[in-house]
Amino acid sequence: MKVLIIEDERSMATEMEAFLKKAYHCDLVASASQAVARLEDNAYDFVLLDLGLPDMDGLQLLQQARKLCPEAAYIILTARGQLEDRIKGLDLGADDYLPKPFSLLELQSRMQAISRRKFGLQDVLIPLGDFSVDLQKRNVYFEQTEITLSRKEFDLLSYMLLHKNRPLSRMQLSEHIWGDLADDEYDSNYIDVHIKNIRRKLSTYATVDWLQTIRHVGYKIKI
Amino acid sequence: MKLFTKLTLFITLSKMAVALLFVLLLPVLVEDIAHQYNDYYLREQKKKVLQVIQQNGIDAYLQGEETYGSYTMLKEEYISLEPAGNTIMADTIATVQRLVEGDTLTYRVLTHILQANHRAFLLEVGRKTTTISQYNRPLQRMALYVLGGLIIITILIDLVFTRLLLKPLGVIIQTRLLHRRFPFREQAPPIRTSTADFQYLDDSLVELMNKINDAFEKEREFTSNASHELMTPISILQTKMENLLDERDTDEALQHTVQGMMKTLKRLKKIVHSLLLISRIENDQFPKNDALSPYLLVTEVMEELSHRLEEKNLRFSMQLSPQTMLHRLNHDLIFQLVYNLLQNAVKYNRENGSITVTDEIHPDHYLLIISDTGIGISSREVDTIFHRFRKIQRGTAEGYGLGLAIAHTIAQYHHIQISVETTMDQGSTFTLRFPL
């Protein structure tokens with residue numbers, strides 16, 4: 001999948017690329033004019049658009065870009081964080097909106113969610129060791145048996161699955177589960193409780209050695 | 001009281017007062033004028049008599065007699081001449097009584113000494129006082145009618161004119177001030193009036209509102225720019241750290257360090273978020289159009305917090321009326337407000353403690369009461385807990401000092417009174433008073 005990153009902060013753009021390049025092919029541009037030039041010649045699956053560009057208003061560029069490349073999914077990234085921008089952006093046809101600072105994990109999750117929704121990539125069941133996970137119906141199965149997880153437990157498991165093979169810190173996990181409301185001291189510890197519950201519930205059916213603890217950091221799903 | 005009402009009252013009352021004064025003075029004035037005119041009349045009569053005597057001699061009257069006296073038919077006036085002896089006196093006019101054919105009549109009499117035929121004569125010209133004042137009453141009545149009519153006409157003219165004159169003021173109040181809500185985005189066209197004062201008032205109001213709008217826009221722009229300027233470097237740092245954590249060959253110690261950095265960064269992010277939130281609230285950037293049920297709101301908040309109850313084995317109970325709805329609020333902000341209070345109630349509670357949420361419905365306000373059995377706040381600090389960055393010593397946990405400041409800002413923004421009662425080591429009770 002091809003991603004166009006329109007971001008005038010060079011180091012921000014390279015970090016995004018570094019993170020996404022395992023799954024996507026990324027092109028980087030730093031201005032609206034460069035973006036238009038790229039969009040005229042290439043077809044992208046994702047356009048990550050920073051609203052604060054030097055040469056054009058980001059929302060204006062969004063309109064123009066959508067004419068040039070209507071199939072792409074557009075995600076607005078902005079540090080301005082004004083409510084009107086968000087509403088306008090979504091009105092103008094953006095698929096999602098992420099206020100800066102955002103977590104790269106969160107960005108990738110949103111992209112995957114859009115993929116599932118927009119490009120119909122819901123290959124029904126994702127295998128996970130001896131289990132399989134249905135992200136749409138939010139269920140976990142062992143062979144035909146459905147295993148009941150609480151809402152937060154499923155959120156946690158699916159998030160780790162989406163970011164498989166990456167070490168995820170407790171803080172990153174709790175930030176995903178509780179968003180801005182997350183409280184480091186409390187909720188990081190609580191992640192452990194959730195993980196323990198997931199392991200307990202699943203291990204009655206099969207081994208869960210794919211769910212690894214990373215000392216001092218957090219957890220990782222390794223498959 | 002409205003200006004027009006005041007002016008109407010003033011105009012009416014002042015005219016009434018003038019009319020009353022006139023009515024009181026009228027008899028005296030008319031009497032006075034009648035007397036003055038009468039005295040003038042008597043002097044004219046005297047002149048005529050003297051003229052006759054000068055032309056024809058005094059004998060024209062005396063006809064050989066010693067004295068002369070003549071009354072008109074109804075004894076309204078008389079002239080008399082009689083020898084004066086040696087009396088010398090200036091002319092006098094006096095009101096005197098005369099006995100005429102058995103009747104005592106009151107006359108206004110002019111007395112004059114004249115010389116004729118080498119003798120002195122006393123001339124009296126008299127006029128009956130009732131004759132003098134016979135027109136007083138009809139005159140007074142007519143004067144009153146005319147006055148009354150004039151006053152009514154002037155009051156009407158005054159009122160119509162005042163109304164016309166004050167109309168621009170009414171328009172100014174109507175278009176510029178009534179039902180206006182900040183920010184004043186659209187301005188009605190300037191008032192058309194020839195009254196300079198209203199013109200000035202209108203211009204000044206528009207100028208003032210534009211100034212406020214400008215200041216507001218600048219503040220908004222500043223918040224937006226500050227947000228951008230602060231969030232961009234934080235973003236870059238965050239992504240760099242995330243990538244660092246993700247690198248396969250990163251050793252354990254480094255990962256640990258990166259995590260510590262991320263924690264600190266998160267703290268910074270939270271502070272910046274909080275400050276921007278406060279600034280945005282104070283900048284009126286949140287619409288207040290939501291209606292919400294306190295019952296559902298607290299339930300919603302507790303869904304986010306319930307997992308933390310288990311850690312200290314806290315008991316949570318809620319007695320709220322499920323039907324109550326509160327209006328004209330911003331849902332997200334009120335959520336944040338209640339969340340911050342309940343989060344503190346959890347955070348600063350003791351093992352096996354409890355949290356209670358109750359409410360009270362009053363005719364003009366609604367109370368939401370959140371009580372905990374926590375460590376409480378010392379009386380020294382209770383006055384400053386709502387200040388920004390006031391870090392208070394609450395057990396081992398320390399806040400960033402913004403949770404309650406945000407709560408306070410949100411409460412103020414919605415005109416909610418927030419108050420706290422607390423006893424050290426016993427607990428705190430926060431009360432939110434929503435106006436209805």
# chains A, B, ... in the order shown; residues from 1 in each chain; ligands from 1
>>> closest_atom_pairs(of="chain A", to="chain B", cutoff="10 Å", atoms="only C-alpha atoms", output="JSON lines")
{"residue": "A:Glu9", "atom": "CA", "partner": "B:Thr232", "partner_atom": "CA", "distance": 8.2}
{"residue": "A:Arg10", "atom": "CA", "partner": "B:Ile236", "partner_atom": "CA", "distance": 9.5}
{"residue": "A:Ser11", "atom": "CA", "partner": "B:Ile236", "partner_atom": "CA", "distance": 6.8}
{"residue": "A:Met12", "atom": "CA", "partner": "B:Ile236", "partner_atom": "CA", "distance": 5.1}
{"residue": "A:Ala13", "atom": "CA", "partner": "B:Ile236", "partner_atom": "CA", "distance": 8.8}
{"residue": "A:Thr14", "atom": "CA", "partner": "B:Lys240", "partner_atom": "CA", "distance": 9.3}
{"residue": "A:Glu15", "atom": "CA", "partner": "B:Thr239", "partner_atom": "CA", "distance": 6.0}
{"residue": "A:Met16", "atom": "CA", "partner": "B:Thr239", "partner_atom": "CA", "distance": 7.1}
{"residue": "A:Ala18", "atom": "CA", "partner": "B:Asn243", "partner_atom": "CA", "distance": 7.3}
{"residue": "A:Phe19", "atom": "CA", "partner": "B:Asn243", "partner_atom": "CA", "distance": 6.3}
{"residue": "A:Gly52", "atom": "CA", "partner": "B:His228", "partner_atom": "CA", "distance": 8.5}
{"residue": "A:Thr78", "atom": "CA", "partner": "B:His228", "partner_atom": "CA", "distance": 7.9}
{"residue": "A:Ala79", "atom": "CA", "partner": "B:His228", "partner_atom": "CA", "distance": 4.6}
{"residue": "A:Arg80", "atom": "CA", "partner": "B:His228", "partner_atom": "CA", "distance": 5.0}
{"residue": "A:Gly81", "atom": "CA", "partner": "B:Ser227", "partner_atom": "CA", "distance": 7.4}
{"residue": "A:Gln82", "atom": "CA", "partner": "B:Ser224", "partner_atom": "CA", "distance": 7.2}
{"residue": "A:Leu83", "atom": "CA", "partner": "B:Gln285", "partner_atom": "CA", "distance": 8.5}
{"residue": "A:Glu84", "atom": "CA", "partner": "B:Gln285", "partner_atom": "CA", "distance": 9.7}
{"residue": "A:Pro99", "atom": "CA", "partner": "B:Met231", "partner_atom": "CA", "distance": 9.2}
{"residue": "A:Lys100", "atom": "CA", "partner": "B:Ser235", "partner_atom": "CA", "distance": 6.0}
{"residue": "A:Pro101", "atom": "CA", "partner": "B:Ser235", "partner_atom": "CA", "distance": 4.3}
{"residue": "A:Phe102", "atom": "CA", "partner": "B:Ser235", "partner_atom": "CA", "distance": 6.6}
{"residue": "A:Ser103", "atom": "CA", "partner": "B:Thr239", "partner_atom": "CA", "distance": 6.7}
{"residue": "A:Leu104", "atom": "CA", "partner": "B:Thr239", "partner_atom": "CA", "distance": 6.3}
{"residue": "A:Leu105", "atom": "CA", "partner": "B:Glu242", "partner_atom": "CA", "distance": 8.4}
{"residue": "A:Asn165", "atom": "CA", "partner": "B:Asp246", "partner_atom": "CA", "distance": 9.2}
{"residue": "A:Arg166", "atom": "CA", "partner": "B:Asp246", "partner_atom": "CA", "distance": 6.0}
{"residue": "A:Pro167", "atom": "CA", "partner": "B:Asp246", "partner_atom": "CA", "distance": 6.2}
{"residue": "A:Leu168", "atom": "CA", "partner": "B:Asp246", "partner_atom": "CA", "distance": 8.2}
{"residue": "A:Ser169", "atom": "CA", "partner": "B:Gln259", "partner_atom": "CA", "distance": 7.4}
{"residue": "A:Arg170", "atom": "CA", "partner": "B:Gln259", "partner_atom": "CA", "distance": 9.3}
{"residue": "A:Met171", "atom": "CA", "partner": "B:Lys263", "partner_atom": "CA", "distance": 7.6}
{"residue": "A:Gln172", "atom": "CA", "partner": "B:Met262", "partner_atom": "CA", "distance": 9.2}
{"residue": "A:Glu175", "atom": "CA", "partner": "B:Lys266", "partner_atom": "CA", "distance": 9.8}
{"residue": "A:Ile177", "atom": "CA", "partner": "B:Glu304", "partner_atom": "CA", "distance": 9.6}
{"residue": "A:Trp178", "atom": "CA", "partner": "B:Glu304", "partner_atom": "CA", "distance": 7.3}
{"residue": "A:Asp180", "atom": "CA", "partner": "B:Lys270", "partner_atom": "CA", "distance": 8.1}
{"residue": "A:Leu181", "atom": "CA", "partner": "B:Glu304", "partner_atom": "CA", "distance": 8.3}
{"residue": "A:Ala182", "atom": "CA", "partner": "B:Glu304", "partner_atom": "CA", "distance": 9.3}
{"residue": "A:Asp183", "atom": "CA", "partner": "B:Gln343", "partner_atom": "CA", "distance": 9.5}
{"residue": "A:Asp184", "atom": "CA", "partner": "B:Lys263", "partner_atom": "CA", "distance": 7.7}
{"residue": "A:Glu185", "atom": "CA", "partner": "B:Ala397", "partner_atom": "CA", "distance": 9.1}
{"residue": "A:Tyr186", "atom": "CA", "partner": "B:Arg308", "partner_atom": "CA", "distance": 7.2}
{"residue": "A:Asp187", "atom": "CA", "partner": "B:Arg308", "partner_atom": "CA", "distance": 7.8}
{"residue": "A:Asn189", "atom": "CA", "partner": "B:Glu311", "partner_atom": "CA", "distance": 9.7}
{"residue": "A:Tyr190", "atom": "CA", "partner": "B:His307", "partner_atom": "CA", "distance": 7.7}
{"residue": "A:Val193", "atom": "CA", "partner": "B:His307", "partner_atom": "CA", "distance": 9.7}
{"residue": "A:His194", "atom": "CA", "partner": "B:His307", "partner_atom": "CA", "distance": 9.9}
{"residue": "A:Ile214", "atom": "CA", "partner": "B:Glu252", "partner_atom": "CA", "distance": 8.8}
{"residue": "A:Arg215", "atom": "CA", "partner": "B:Glu252", "partner_atom": "CA", "distance": 7.6}
{"residue": "A:His216", "atom": "CA", "partner": "B:His256", "partner_atom": "CA", "distance": 5.9}
{"residue": "A:Val217", "atom": "CA", "partner": "B:His256", "partner_atom": "CA", "distance": 6.4}
{"residue": "A:Gly218", "atom": "CA", "partner": "B:Gln259", "partner_atom": "CA", "distance": 9.8}
>>> residues_around(residues="B:Gln199", least_positions_apart="6", cutoff="10 Å", atoms="only C-alpha atoms", output="ChimeraX atom specification")
/B:168-169,172,190-193,205
>>> residues_around(residues="stretch 93-95 of chain A", least_positions_apart="3", cutoff="7 Å", atoms="only C-alpha atoms", output="ChimeraX atom specification")
/A:73-76,89-90
>>> residues_around(residues="stretch 131-139 of chain B", least_positions_apart="4", cutoff="8 Å", atoms="only C-alpha atoms", output="number ranges by chain")
B: 27, 30-31, 34-35, 38, 76, 127, 143
>>> select_by_dssp(residues="stretch 176-299 of chain B", states="alpha helix (DSSP H)", output="number ranges by chain")
B: 196-246, 252-282, 294-299
>>> residues_around(residues="A:Leu61", least_positions_apart="5", cutoff="9 Å", atoms="only C-alpha atoms", output="list in words")
Ala32, Ala35, Val36, Leu49, Leu51, Met56 and Arg66 of chain A
>>> closest_residue(among="A:Ser174, A:Ser132, A:Gln64, A:Thr207", to="A:Leu156", atoms="only C-alpha atoms")
A:Ser174
>>> atom_distance(atom1="atom CA of B:Asn117", atom2="atom CA of B:Ser70")
20.9 Å
>>> atom_distance(atom1="atom CA of B:Val18", atom2="atom CA of B:Ile151")
9.4 Å
>>> residues_around(residues="A:Leu39", least_positions_apart="6", cutoff="8 Å", atoms="only C-alpha atoms", output="MDAnalysis selection string")
chainID A and resid 65 68:69
>>> atom_distance(atom1="atom CA of B:Thr106", atom2="atom CA of B:Ala94")
10.4 Å
>>> residues_around(residues="A:Tyr205", least_positions_apart="6", cutoff="10 Å", atoms="only C-alpha atoms", output="tab-separated table (two decimals) with N, CA, C and O atoms, in the first residue's frame")
chain	number	residue	atom	x	y	z
A	130	ASP	N	-3.15	-20.73	18.41
A	130	ASP	CA	-4.19	-21.73	18.14
A	130	ASP	C	-5.57	-21.10	18.13
A	130	ASP	O	-6.57	-21.78	17.99
A	131	PHE	N	-5.60	-19.78	18.30
A	131	PHE	CA	-6.90	-19.08	18.37
A	131	PHE	C	-7.13	-18.31	17.08
A	131	PHE	O	-6.23	-18.17	16.24
A	141	TYR	N	-12.00	-16.98	19.13
A	141	TYR	CA	-12.43	-18.37	19.05
A	141	TYR	C	-11.26	-19.32	19.26
A	141	TYR	O	-10.14	-19.05	18.83
A	142	PHE	N	-11.55	-20.45	19.92
A	142	PHE	CA	-10.64	-21.60	19.90
A	142	PHE	C	-11.39	-22.70	19.17
A	142	PHE	O	-12.43	-23.16	19.66
A	143	GLU	N	-10.87	-23.05	17.97
A	143	GLU	CA	-11.64	-23.90	17.07
A	143	GLU	C	-13.05	-23.33	16.92
A	143	GLU	O	-13.17	-22.19	16.50
A	145	THR	N	-15.17	-22.85	19.54
A	145	THR	CA	-15.66	-22.30	20.81
A	145	THR	C	-15.40	-20.79	20.91
A	145	THR	O	-14.29	-20.33	20.62
A	147	ILE	N	-14.74	-17.54	23.06
A	147	ILE	CA	-14.22	-17.25	24.40
A	147	ILE	C	-14.63	-15.83	24.77
A	147	ILE	O	-14.42	-14.89	23.99
